[in-house]
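Enquirer: structure37.txt is the file, holding compact mmCIF, C-alpha atoms:
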# COMPACT_ATOMS: atom_id res chain seq x y z
CA MET O 23 -136.84 55.69 44.74
CA SER O 24 -135.46 56.28 48.25
CA TYR O 25 -131.93 57.20 49.25
CA ASP O 26 -129.89 56.87 52.42
CA ILE O 27 -129.14 60.43 53.57
CA THR O 28 -126.53 61.03 56.28
CA PRO O 29 -125.83 64.52 57.72
CA LEU O 30 -122.15 65.50 57.61
CA HIS O 31 -122.40 68.76 59.57
CA PRO O 32 -124.99 70.29 61.92
CA LEU O 33 -125.77 73.14 59.49
CA PHE O 34 -125.32 71.77 55.97
CA ALA O 35 -123.73 69.02 53.84
CA VAL O 36 -125.05 65.45 53.51
CA GLU O 37 -123.93 62.16 52.04
CA VAL O 38 -126.45 60.40 49.79
CA LYS O 39 -126.09 56.67 49.12
CA GLY O 40 -127.98 54.81 46.43
CA TYR O 41 -127.87 57.60 43.82
CA ASN O 42 -126.21 56.57 40.54
CA ALA O 43 -124.90 59.55 38.58
CA ALA O 44 -123.78 57.26 35.75
CA GLY O 45 -127.40 57.05 34.63
CA PRO O 46 -129.93 56.64 33.35
CA ILE O 47 -131.14 59.87 34.99
CA THR O 48 -134.85 60.32 35.59
CA ASP O 49 -136.90 63.45 36.26
CA GLU O 50 -137.36 62.21 39.83
CA MET O 51 -133.58 61.97 40.30
CA VAL O 52 -133.10 65.50 39.00
CA GLU O 53 -135.80 66.90 41.28
CA PHE O 54 -134.42 65.02 44.29
CA LEU O 55 -130.93 66.46 43.81
CA GLU O 56 -132.24 69.98 43.15
CA GLU O 57 -134.25 69.87 46.38
CA THR O 58 -131.44 68.29 48.40
CA MET O 59 -128.93 70.85 47.17
CA ALA O 60 -131.31 73.71 47.99
CA LYS O 61 -131.55 72.41 51.54
CA TYR O 62 -127.99 71.31 52.25
CA ALA O 63 -125.77 73.17 49.69
CA VAL O 64 -123.14 70.36 49.67
CA VAL O 65 -124.00 66.78 48.63
CA VAL O 66 -121.53 63.89 48.63
CA LEU O 67 -122.33 60.97 46.33
CA PRO O 68 -119.95 58.10 47.17
CA ASP O 69 -118.92 55.19 44.94
CA GLN O 70 -119.57 56.94 41.63
CA GLU O 71 -117.56 55.05 39.00
CA LEU O 72 -117.90 57.64 36.26
CA THR O 73 -116.24 58.00 32.90
CA ASP O 74 -115.52 61.52 31.66
CA GLU O 75 -118.49 61.27 29.30
CA GLN O 76 -120.84 60.14 32.08
CA GLN O 77 -119.77 63.00 34.36
CA ILE O 78 -120.22 65.53 31.56
CA ASP O 79 -123.63 64.10 30.65
CA PHE O 80 -124.81 64.08 34.27
CA ALA O 81 -124.04 67.77 34.66
CA ARG O 82 -126.25 68.79 31.74
CA TYR O 83 -129.42 67.80 33.63
CA PHE O 84 -128.91 70.69 36.06
CA GLY O 85 -128.05 73.63 33.82
CA PRO O 86 -125.72 74.96 31.12
CA ARG O 87 -122.19 73.65 31.48
CA GLU O 88 -119.26 76.04 31.72
CA THR O 89 -116.44 75.66 29.21
CA PRO O 90 -112.78 76.72 29.16
CA ALA O 91 -112.08 79.99 27.39
CA PRO O 92 -110.08 79.32 24.19
CA ALA O 93 -108.55 82.80 24.24
CA ALA O 94 -107.42 82.74 27.83
CA SER O 95 -103.96 81.39 27.14
CA GLY O 96 -103.01 84.29 24.90
CA ASN O 97 -101.73 83.52 21.42
CA LYS O 98 -100.97 79.89 22.14
CA GLN O 99 -103.47 77.18 21.28
CA PRO O 100 -104.28 75.63 24.67
CA VAL O 101 -103.80 71.90 25.09
CA TYR O 102 -106.06 70.22 27.65
CA ARG O 103 -105.65 66.87 29.39
CA LEU O 104 -109.41 66.46 29.72
CA PRO O 105 -112.30 66.82 27.25
CA LYS O 106 -114.54 69.86 26.89
CA TYR O 107 -116.64 70.71 29.97
CA LEU O 108 -114.19 69.02 32.38
CA PHE O 109 -111.90 71.25 34.43
CA ASP O 110 -108.60 69.77 35.50
CA ALA O 111 -108.15 70.22 39.27
CA SER O 112 -105.20 67.84 39.42
CA ASN O 113 -101.40 68.07 39.72
CA LEU O 114 -101.00 66.20 36.43
CA GLY O 115 -99.81 67.18 32.98
CA ILE O 116 -101.18 66.06 29.63
CA ASP O 117 -99.08 62.88 29.97
CA ASN O 118 -100.96 62.06 33.22
CA GLU O 119 -97.73 62.37 35.17
CA ILE O 120 -97.03 64.75 38.07
CA LEU O 121 -96.20 68.26 36.89
CA PRO O 122 -92.59 69.40 37.37
CA GLU O 123 -92.00 71.44 40.51
CA ASP O 124 -91.34 74.61 38.49
CA HIS O 125 -94.36 74.26 36.18
CA PRO O 126 -96.30 77.58 36.00
CA ARG O 127 -99.62 75.80 36.45
CA ARG O 128 -98.58 74.93 40.00
CA ALA O 129 -98.40 78.62 40.88
CA MET O 130 -101.80 79.17 39.27
CA ARG O 131 -103.34 76.34 41.30
CA ASN O 132 -102.03 77.75 44.59
CA GLY O 133 -104.96 80.16 44.53
CA ASP O 134 -107.29 77.19 44.97
CA ARG O 135 -106.00 76.86 48.54
CA LEU O 136 -107.57 80.21 49.39
CA TRP O 137 -111.26 80.46 50.28
CA HIS O 138 -113.17 81.12 47.05
CA THR O 139 -116.22 80.28 45.00
CA ASP O 140 -115.74 78.80 41.55
CA SER O 141 -115.82 81.15 38.58
CA SER O 142 -117.22 84.20 40.35
CA PHE O 143 -114.82 86.05 38.02
CA ASN O 144 -117.19 85.20 35.14
CA PRO O 145 -120.00 87.62 34.28
CA LEU O 146 -122.72 84.95 34.56
CA PRO O 147 -123.59 83.45 37.95
CA THR O 148 -122.30 79.95 38.60
CA LYS O 149 -124.77 77.48 40.04
CA TRP O 150 -123.00 74.26 41.11
CA SER O 151 -119.65 72.52 40.85
CA MET O 152 -119.32 68.73 40.66
CA LEU O 153 -115.87 67.39 41.57
CA HIS O 154 -115.04 63.72 41.00
CA GLY O 155 -112.12 62.09 42.82
CA ARG O 156 -110.30 59.71 40.47
CA ILE O 157 -106.93 59.42 42.27
CA ILE O 158 -106.66 60.45 45.94
CA PRO O 159 -103.35 61.06 47.76
CA PRO O 160 -102.75 59.01 50.92
CA GLU O 161 -102.79 62.11 53.14
CA GLY O 162 -104.02 65.69 52.82
CA GLY O 163 -105.75 67.17 49.81
CA ASP O 164 -109.03 67.63 51.68
CA THR O 165 -111.65 70.18 50.58
CA GLU O 166 -113.16 72.54 53.14
CA PHE O 167 -116.60 74.11 52.63
CA ALA O 168 -118.16 77.08 54.42
CA ASP O 169 -121.91 77.80 54.54
CA THR O 170 -122.50 81.52 53.92
CA ARG O 171 -126.26 81.12 54.45
CA ALA O 172 -125.73 80.21 58.10
CA ALA O 173 -123.06 82.89 58.41
CA TYR O 174 -125.42 85.52 56.96
CA ASP O 175 -128.14 84.50 59.40
CA ASP O 176 -125.77 85.17 62.31
CA LEU O 177 -124.52 88.58 61.18
CA GLU O 178 -125.63 91.63 63.11
CA GLU O 179 -128.59 93.41 61.53
CA GLU O 180 -126.54 96.58 61.10
CA VAL O 181 -123.96 94.67 59.04
CA LYS O 182 -126.69 93.07 56.91
CA ALA O 183 -128.12 96.51 56.16
CA GLN O 184 -124.68 97.78 55.08
CA MET O 185 -124.21 94.78 52.76
CA GLU O 186 -127.65 94.73 51.15
CA ASN O 187 -127.12 96.78 48.00
CA LEU O 188 -123.39 96.40 47.52
CA VAL O 189 -121.79 95.03 44.34
CA VAL O 190 -118.38 93.32 44.32
CA GLU O 191 -115.75 93.17 41.61
CA HIS O 192 -114.37 89.63 41.17
CA SER O 193 -111.10 88.89 39.37
CA LEU O 194 -109.26 85.63 38.74
CA TRP O 195 -105.99 87.53 38.55
CA HIS O 196 -106.55 89.02 42.00
CA SER O 197 -106.82 85.55 43.54
CA ARG O 198 -103.87 84.24 41.55
CA ARG O 199 -101.68 87.08 42.73
CA LYS O 200 -102.79 86.42 46.29
CA GLY O 201 -101.82 82.77 45.78
CA GLY O 202 -98.31 83.71 44.64
CA PHE O 203 -98.67 83.75 40.83
CA ASP O 204 -96.60 86.80 39.88
CA ASP O 205 -96.55 86.42 36.09
CA VAL O 206 -99.91 88.03 35.28
CA THR O 207 -99.52 89.78 31.93
CA PRO O 208 -101.68 92.33 30.08
CA THR O 209 -102.75 89.43 27.82
CA HIS O 210 -104.01 87.56 30.88
CA GLU O 211 -105.87 90.63 32.10
CA GLN O 212 -107.49 91.23 28.70
CA SER O 213 -108.45 87.58 28.28
CA LEU O 214 -110.61 87.61 31.39
CA PRO O 215 -111.56 91.05 32.71
CA PRO O 216 -113.28 91.51 36.09
CA ALA O 217 -116.92 90.61 36.67
CA TYR O 218 -119.42 92.23 39.04
CA HIS O 219 -121.94 90.49 41.29
CA LYS O 220 -124.18 91.49 44.18
CA LEU O 221 -122.62 90.78 47.55
CA VAL O 222 -125.90 89.48 49.00
CA ARG O 223 -128.34 87.34 47.09
CA THR O 224 -131.35 85.15 47.79
CA ASP O 225 -131.22 81.51 46.76
CA PRO O 226 -134.00 81.09 44.16
CA ARG O 227 -135.16 77.72 45.48
CA SER O 228 -134.64 77.83 49.24
CA GLY O 229 -135.36 81.54 49.68
CA ARG O 230 -132.39 81.88 52.06
CA LYS O 231 -130.06 84.85 51.88
CA CYS O 232 -126.31 84.35 51.61
CA TYR O 233 -123.21 86.22 50.50
CA ILE O 234 -120.15 85.53 48.40
CA THR O 235 -116.69 86.88 49.11
CA GLY O 236 -113.48 84.83 48.91
CA ALA O 237 -110.21 85.24 47.06
CA HIS O 238 -111.65 86.38 43.71
CA ALA O 239 -113.54 89.25 45.40
CA ARG O 240 -111.33 92.31 44.99
CA TYR O 241 -113.20 95.58 45.32
CA ILE O 242 -116.54 97.13 46.28
CA PRO O 243 -117.37 100.14 44.08
CA GLY O 244 -118.14 103.13 46.25
CA LEU O 245 -115.67 102.12 48.96
CA SER O 246 -111.95 102.78 49.12
CA GLU O 247 -109.51 100.00 48.22
CA GLU O 248 -108.64 99.64 51.91
CA GLY O 249 -112.28 99.73 53.00
CA SER O 250 -113.19 97.12 50.40
CA GLU O 251 -110.40 94.80 51.46
CA ASP O 252 -111.25 95.15 55.13
CA MET O 253 -114.95 94.43 54.62
CA LEU O 254 -114.48 91.51 52.24
CA GLN O 255 -111.85 89.88 54.45
CA ALA O 256 -113.95 90.36 57.58
CA LEU O 257 -116.93 88.69 55.90
CA THR O 258 -114.76 85.82 54.66
CA ASN O 259 -113.27 85.37 58.13
CA PHE O 260 -116.74 85.33 59.68
CA ALA O 261 -118.09 82.70 57.26
CA THR O 262 -115.07 80.43 57.63
CA GLN O 263 -115.25 80.04 61.38
CA GLU O 264 -115.09 76.39 62.39
CA LYS O 265 -118.80 76.22 63.23
CA TYR O 266 -119.70 76.99 59.59
CA VAL O 267 -117.13 74.65 57.96
CA TYR O 268 -117.39 71.06 56.76
CA VAL O 269 -114.12 69.28 55.87
CA HIS O 270 -114.43 66.60 53.20
CA LYS O 271 -111.82 63.83 53.30
CA TRP O 272 -111.81 62.34 49.85
CA ARG O 273 -112.27 58.72 48.88
CA THR O 274 -111.79 57.33 45.40
CA ASN O 275 -114.93 57.85 43.28
CA ASP O 276 -116.52 60.42 45.55
CA LEU O 277 -118.58 62.91 43.55
CA VAL O 278 -118.97 66.06 45.63
CA ILE O 279 -121.46 68.69 44.50
CA TRP O 280 -121.65 72.18 46.00
CA ASP O 281 -123.64 75.34 45.42
CA ASN O 282 -121.28 78.16 44.49
CA ARG O 283 -123.95 80.76 45.27
CA CYS O 284 -123.98 80.09 49.00
CA THR O 285 -120.69 78.38 49.88
CA LEU O 286 -116.99 79.07 49.92
CA HIS O 287 -114.42 76.31 49.60
CA ARG O 288 -110.69 75.71 49.50
CA GLY O 289 -108.28 72.82 49.02
CA THR O 290 -105.80 71.80 51.70
CA PRO O 291 -102.12 70.96 51.08
CA TYR O 292 -100.72 67.52 50.33
CA ASP O 293 -97.41 66.20 49.02
CA ASP O 294 -98.07 67.09 45.40
CA ILE O 295 -94.53 66.27 44.31
CA ALA O 296 -94.72 62.67 45.49
CA HIS O 297 -98.39 61.79 45.01
CA LYS O 298 -100.90 62.12 42.19
CA ARG O 299 -104.25 63.79 42.82
CA ASP O 300 -106.60 63.46 39.86
CA MET O 301 -109.77 65.52 40.35
CA ARG O 302 -112.15 66.39 37.52
CA ARG O 303 -114.75 69.14 37.82
CA THR O 304 -117.87 70.01 35.88
CA THR O 305 -119.31 73.45 36.62
CA ILE O 306 -122.88 74.51 35.92
CA ASP O 307 -123.97 78.04 35.16
CA GLU O 308 -127.24 79.39 36.47
CA PHE O 309 -128.56 80.86 33.24
CA ALA O 310 -126.35 80.28 30.19
CA PRO O 311 -122.92 78.94 29.25
CA SER O 312 -119.91 81.14 29.98
CA TRP O 313 -116.14 80.96 29.67
CA SER O 314 -113.69 80.22 32.43
CA PHE O 315 -109.90 80.35 32.42
CA VAL O 316 -107.91 77.11 32.51
CA ALA O 317 -104.14 77.42 32.92
Re-express the file's structure as structure tokens.
Expert:
Amino acid sequence: MSYDITPLHPLFAVEVKGYNAAGPITDEMVEFLEETMAKYAVVVLPDQELTDEQQIDFARYFGPRETPAPAASGNKQPVYRLPKYLFDASNLGIDNEILPEDHPRRAMRNGDRLWHTDSSFNPLPTKWSMLHGRIIPPEGGDTEFADTRAAYDDLEEEVKAQMENLVVEHSLWHSRRKGGFDDVTPTHEQSLPPAYHKLVRTDPRSGRKCYITGAHARYIPGLSEEGSEDMLQALTNFATQEKYVYVHKWRTNDLVIWDNRCTLHRGTPYDDIAHKRDMRRTTIDEFAPSWSFVA
């Protein structure tokens, strides 16, 4: 089977037409997407009319699926708008209506507008995210992606040597505080403690080196708090220069897949009081299932 592949950026990101994620999924389709993702890191599949069940099923072909953590909401039994394995990246409540302006989940979601990589606050490495656009606002609400492979290639050799063996502490609560969520409690902290990942890693399929920083990255053991912050922010700033960034302008039924191991991304603002934005994400772990917090 052949597909129509269109580059979206000089360095990474392509659109693939003719690929049907609704199934049936063949071994050839799985291999094609694995190879295309290894090369381009961001793949846009347009016109994917998926049900929740089809999106969830599609994700399982590429690795263990991440699930919400049942303990993350403290003593309350969490109530989710979407079924297991689907993360709610919308501005909607369980009634499918726009959340009130003072709803605490709005403050939690503000962190998504900072450069980050999904679920780096989990102890297991995250492989890909798959975000499906069900309802798109008339303006804004884009997603920006940055290629940290290309950024790593362009770093000075001295900087690469400094980065090589460093480990970074990642915390969801760090990014949420940065995004303006001030109500982090000890229960929150205990529900999802920090995770630690190497700053530089080699993609197992492409063999390219890359690095992950972003809003969840809080501290580098062995450096001071100030030194950690300076280094992590400098690396984020370097990777998010315009020449490394692809901006995706959503269309209804776009399925956008990105590699969390070698990209950063962030959402852009839109009028989320006036307009619905219904986005549903499946996230794939590299090795085994893990938990992730859902507010």
Enquirer: I'd like the neighbourhood of Gly45 (chain O) as JSON, numbers by chain, where a residue qualifies if any of its atoms comes within 10 Å (using only C-alpha atoms), though same-chain residues fewer than 6 positions away should be ignored.
Expert: {"O": [51, 72, 76, 77, 79, 80]}
Enquirer: So the first atom is CA of Leu277 (chain O) and the second is CA of Lys231 (chain O); what is the distance between them in Å, to one decimal place?
Expert: 26.1 Å
Enquirer: Under the rule that all atoms listed in the file are counted, which of O:Ile295, O:Tyr268, O:Thr207, O:Asn187 is the nearest residue to Ile242 (chain O)?
Expert: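 Of the candidates, the smallest distance to Ile242 (chain O) is held by O:Asn187.
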Enquirer: Rounded to one decimal place, report the CA of Arg103 (chain O)-CA of Lys298 (chain O) distance in Å.
Expert: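 The value is 14.5 Å.
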Enquirer: Would you mind reading off the distance between CA of Asp276 (chain O) and CA of Gly40 (chain O), one decimal, in Å?
Expert: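 Between these atoms lies a distance of 12.8 Å.
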Enquirer: Between O:Met152, O:Leu33, O:Ile157, O:Val38, single out the one closest to Ile78 (chain O), counting all atoms listed in the file.
Expert: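 Distance minimum relative to Ile78 (chain O) lands on O:Met152.
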Enquirer: Tell me which protein, DNA and RNA residues are within 7 Å of Asp281 (chain O), counting all atoms listed in the file, leaving out same-chain ones fewer than 5 positions away, and put them as number ranges by chain.
Expert: O: 63-64, 149-151
Enquirer: Would you put the residues from that selection into a file with C-alpha atoms, as a tab-separated table (two decimals), in the frame of the given file?
Expert:
chain	number	residue	atom	x	y	z
O	63	ALA	CA	-125.77	73.17	49.69
O	64	VAL	CA	-123.14	70.36	49.67
O	149	LYS	CA	-124.77	77.48	40.04
O	150	TRP	CA	-123.00	74.26	41.11
O	151	SER	CA	-119.65	72.52	40.85
Enquirer: Tell me, as a VMD selection string, which residues lie within 12 Å of Asp74 (chain O), counting all atoms listed in the file; anything in the same chain fewer than 2 positions away does not count.
Expert: chain O and resid 43 to 44 70 to 72 76 to 81 103 to 110 153 to 156 301 to 304
Enquirer: Check the smallest atom-to-atom distance from each of O:Tyr102, O:Tyr41, O:Gly249, O:Tyr233 to Asp117 (chain O) using all atoms listed in the file, then report the winner.
Expert: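 The shortest atom-to-atom distance to Asp117 (chain O) comes from O:Tyr102.
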Enquirer: Around (-119.9, 84.8, 59.1) in the file's own coordinates, what residues are found within 9 Å if you use all atoms listed in the file, given back as an mmCIF file with C-alpha atoms, in the coordinates of the input?
Expert:
data_model
loop_
_atom_site.group_PDB
_atom_site.id
_atom_site.type_symbol
_atom_site.label_atom_id
_atom_site.label_comp_id
_atom_site.auth_asym_id
_atom_site.auth_seq_id
_atom_site.Cartn_x
_atom_site.Cartn_y
_atom_site.Cartn_z
ATOM 1 C CA ASP O 169 -121.910 77.800 54.540
ATOM 2 C CA THR O 170 -122.500 81.520 53.920
ATOM 3 C CA ARG O 171 -126.260 81.120 54.450
ATOM 4 C CA ALA O 172 -125.730 80.210 58.100
ATOM 5 C CA ALA O 173 -123.060 82.890 58.410
ATOM 6 C CA TYR O 174 -125.420 85.520 56.960
ATOM 7 C CA ASP O 175 -128.140 84.500 59.400
ATOM 8 C CA ASP O 176 -125.770 85.170 62.310
ATOM 9 C CA LEU O 177 -124.520 88.580 61.180
ATOM 10 C CA ALA O 256 -113.950 90.360 57.580
ATOM 11 C CA LEU O 257 -116.930 88.690 55.900
ATOM 12 C CA THR O 258 -114.760 85.820 54.660
ATOM 13 C CA ASN O 259 -113.270 85.370 58.130
ATOM 14 C CA PHE O 260 -116.740 85.330 59.680
ATOM 15 C CA ALA O 261 -118.090 82.700 57.260
ATOM 16 C CA THR O 262 -115.070 80.430 57.630
ATOM 17 C CA GLN O 263 -115.250 80.040 61.380
ATOM 18 C CA TYR O 266 -119.700 76.990 59.590
#
Enquirer: For region 245-280 of chain O, supply N, CA and C atoms and format the output as a PDB file, in the coordinates of the input.
Expert:
ATOM      1  N   LEU O 245    -116.541 102.146  47.794  1.00  0.00           N
ATOM      2  CA  LEU O 245    -115.670 102.120  48.960  1.00  0.00           C
ATOM      3  C   LEU O 245    -114.227 102.329  48.510  1.00  0.00           C
ATOM      4  N   SER O 246    -113.370 102.682  49.434  1.00  0.00           N
ATOM      5  CA  SER O 246    -111.950 102.780  49.120  1.00  0.00           C
ATOM      6  C   SER O 246    -111.366 101.380  48.948  1.00  0.00           C
ATOM      7  N   GLU O 247    -110.182 101.293  48.361  1.00  0.00           N
ATOM      8  CA  GLU O 247    -109.510 100.000  48.220  1.00  0.00           C
ATOM      9  C   GLU O 247    -109.325  99.360  49.599  1.00  0.00           C
ATOM     10  N   GLU O 248    -108.871 100.167  50.569  1.00  0.00           N
ATOM     11  CA  GLU O 248    -108.640  99.640  51.910  1.00  0.00           C
ATOM     12  C   GLU O 248    -109.952  99.226  52.569  1.00  0.00           C
ATOM     13  N   GLY O 249    -110.985 100.062  52.414  1.00  0.00           N
ATOM     14  CA  GLY O 249    -112.280  99.730  53.000  1.00  0.00           C
ATOM     15  C   GLY O 249    -112.875  98.480  52.389  1.00  0.00           C
ATOM     16  N   SER O 250    -112.711  98.327  51.076  1.00  0.00           N
ATOM     17  CA  SER O 250    -113.190  97.120  50.400  1.00  0.00           C
ATOM     18  C   SER O 250    -112.499  95.888  50.932  1.00  0.00           C
ATOM     19  N   GLU O 251    -111.171  95.959  51.000  1.00  0.00           N
ATOM     20  CA  GLU O 251    -110.400  94.800  51.460  1.00  0.00           C
ATOM     21  C   GLU O 251    -110.764  94.421  52.880  1.00  0.00           C
ATOM     22  N   ASP O 252    -110.916  95.423  53.732  1.00  0.00           N
ATOM     23  CA  ASP O 252    -111.250  95.150  55.130  1.00  0.00           C
ATOM     24  C   ASP O 252    -112.618  94.474  55.249  1.00  0.00           C
ATOM     25  N   MET O 253    -113.603  94.981  54.520  1.00  0.00           N
ATOM     26  CA  MET O 253    -114.950  94.430  54.620  1.00  0.00           C
ATOM     27  C   MET O 253    -115.022  93.023  54.053  1.00  0.00           C
ATOM     28  N   LEU O 254    -114.422  92.832  52.883  1.00  0.00           N
ATOM     29  CA  LEU O 254    -114.480  91.510  52.240  1.00  0.00           C
ATOM     30  C   LEU O 254    -113.735  90.465  53.073  1.00  0.00           C
ATOM     31  N   GLN O 255    -112.594  90.838  53.640  1.00  0.00           N
ATOM     32  CA  GLN O 255    -111.850  89.880  54.450  1.00  0.00           C
ATOM     33  C   GLN O 255    -112.578  89.570  55.745  1.00  0.00           C
ATOM     34  N   ALA O 256    -113.192  90.590  56.339  1.00  0.00           N
ATOM     35  CA  ALA O 256    -113.950  90.360  57.580  1.00  0.00           C
ATOM     36  C   ALA O 256    -115.118  89.409  57.332  1.00  0.00           C
ATOM     37  N   LEU O 257    -115.802  89.567  56.205  1.00  0.00           N
ATOM     38  CA  LEU O 257    -116.930  88.690  55.900  1.00  0.00           C
ATOM     39  C   LEU O 257    -116.462  87.269  55.591  1.00  0.00           C
ATOM     40  N   THR O 258    -115.325  87.147  54.912  1.00  0.00           N
ATOM     41  CA  THR O 258    -114.760  85.820  54.660  1.00  0.00           C
ATOM     42  C   THR O 258    -114.357  85.163  55.975  1.00  0.00           C
ATOM     43  N   ASN O 259    -113.690  85.903  56.833  1.00  0.00           N
ATOM     44  CA  ASN O 259    -113.270  85.370  58.130  1.00  0.00           C
ATOM     45  C   ASN O 259    -114.473  84.908  58.952  1.00  0.00           C
ATOM     46  N   PHE O 260    -115.545  85.688  58.901  1.00  0.00           N
ATOM     47  CA  PHE O 260    -116.740  85.330  59.680  1.00  0.00           C
ATOM     48  C   PHE O 260    -117.341  84.019  59.168  1.00  0.00           C
ATOM     49  N   ALA O 261    -117.450  83.887  57.838  1.00  0.00           N
ATOM     50  CA  ALA O 261    -118.090  82.700  57.260  1.00  0.00           C
ATOM     51  C   ALA O 261    -117.249  81.443  57.398  1.00  0.00           C
ATOM     52  N   THR O 262    -115.957  81.603  57.592  1.00  0.00           N
ATOM     53  CA  THR O 262    -115.070  80.430  57.630  1.00  0.00           C
ATOM     54  C   THR O 262    -114.661  80.064  59.057  1.00  0.00           C
ATOM     55  N   GLN O 263    -115.432  80.541  60.021  1.00  0.00           N
ATOM     56  CA  GLN O 263    -115.250  80.040  61.380  1.00  0.00           C
ATOM     57  C   GLN O 263    -115.566  78.539  61.407  1.00  0.00           C
ATOM     58  N   GLU O 264    -114.961  77.837  62.343  1.00  0.00           N
ATOM     59  CA  GLU O 264    -115.090  76.390  62.390  1.00  0.00           C
ATOM     60  C   GLU O 264    -116.544  75.910  62.419  1.00  0.00           C
ATOM     61  N   LYS O 265    -117.413  76.655  63.085  1.00  0.00           N
ATOM     62  CA  LYS O 265    -118.800  76.220  63.230  1.00  0.00           C
ATOM     63  C   LYS O 265    -119.564  76.224  61.912  1.00  0.00           C
ATOM     64  N   TYR O 266    -119.047  76.936  60.887  1.00  0.00           N
ATOM     65  CA  TYR O 266    -119.700  76.990  59.590  1.00  0.00           C
ATOM     66  C   TYR O 266    -119.015  76.102  58.542  1.00  0.00           C
ATOM     67  N   VAL O 267    -117.993  75.342  58.932  1.00  0.00           N
ATOM     68  CA  VAL O 267    -117.130  74.650  57.960  1.00  0.00           C
ATOM     69  C   VAL O 267    -117.279  73.133  58.049  1.00  0.00           C
ATOM     70  N   TYR O 268    -117.445  72.521  56.894  1.00  0.00           N
ATOM     71  CA  TYR O 268    -117.390  71.060  56.760  1.00  0.00           C
ATOM     72  C   TYR O 268    -116.114  70.696  55.999  1.00  0.00           C
ATOM     73  N   VAL O 269    -115.359  69.733  56.506  1.00  0.00           N
ATOM     74  CA  VAL O 269    -114.120  69.280  55.870  1.00  0.00           C
ATOM     75  C   VAL O 269    -114.386  67.922  55.211  1.00  0.00           C
ATOM     76  N   HIS O 270    -114.221  67.877  53.904  1.00  0.00           N
ATOM     77  CA  HIS O 270    -114.430  66.600  53.200  1.00  0.00           C
ATOM     78  C   HIS O 270    -113.098  65.897  52.977  1.00  0.00           C
ATOM     79  N   LYS O 271    -112.991  64.686  53.499  1.00  0.00           N
ATOM     80  CA  LYS O 271    -111.820  63.830  53.300  1.00  0.00           C
ATOM     81  C   LYS O 271    -112.153  62.859  52.175  1.00  0.00           C
ATOM     82  N   TRP O 272    -111.459  63.021  51.086  1.00  0.00           N
ATOM     83  CA  TRP O 272    -111.810  62.340  49.850  1.00  0.00           C
ATOM     84  C   TRP O 272    -111.557  60.846  49.886  1.00  0.00           C
ATOM     85  N   ARG O 273    -112.437  60.131  49.196  1.00  0.00           N
ATOM     86  CA  ARG O 273    -112.270  58.720  48.880  1.00  0.00           C
ATOM     87  C   ARG O 273    -112.370  58.569  47.369  1.00  0.00           C
ATOM     88  N   THR O 274    -111.708  57.566  46.833  1.00  0.00           N
ATOM     89  CA  THR O 274    -111.790  57.330  45.400  1.00  0.00           C
ATOM     90  C   THR O 274    -113.243  57.181  44.960  1.00  0.00           C
ATOM     91  N   ASN O 275    -113.591  57.871  43.887  1.00  0.00           N
ATOM     92  CA  ASN O 275    -114.930  57.850  43.280  1.00  0.00           C
ATOM     93  C   ASN O 275    -115.981  58.609  44.059  1.00  0.00           C
ATOM     94  N   ASP O 276    -115.582  59.449  45.007  1.00  0.00           N
ATOM     95  CA  ASP O 276    -116.520  60.420  45.550  1.00  0.00           C
ATOM     96  C   ASP O 276    -116.867  61.439  44.460  1.00  0.00           C
ATOM     97  N   LEU O 277    -118.143  61.769  44.354  1.00  0.00           N
ATOM     98  CA  LEU O 277    -118.580  62.910  43.550  1.00  0.00           C
ATOM     99  C   LEU O 277    -119.180  63.905  44.532  1.00  0.00           C
ATOM    100  N   VAL O 278    -118.523  65.048  44.688  1.00  0.00           N
ATOM    101  CA  VAL O 278    -118.970  66.060  45.630  1.00  0.00           C
ATOM    102  C   VAL O 278    -119.534  67.239  44.840  1.00  0.00           C
ATOM    103  N   ILE O 279    -120.745  67.624  45.188  1.00  0.00           N
ATOM    104  CA  ILE O 279    -121.460  68.690  44.500  1.00  0.00           C
ATOM    105  C   ILE O 279    -121.696  69.825  45.496  1.00  0.00           C
ATOM    106  N   TRP O 280    -121.388  71.047  45.104  1.00  0.00           N
ATOM    107  CA  TRP O 280    -121.650  72.180  46.000  1.00  0.00           C
ATOM    108  C   TRP O 280    -122.235  73.352  45.235  1.00  0.00           C
TER     109      TRP O 280
END
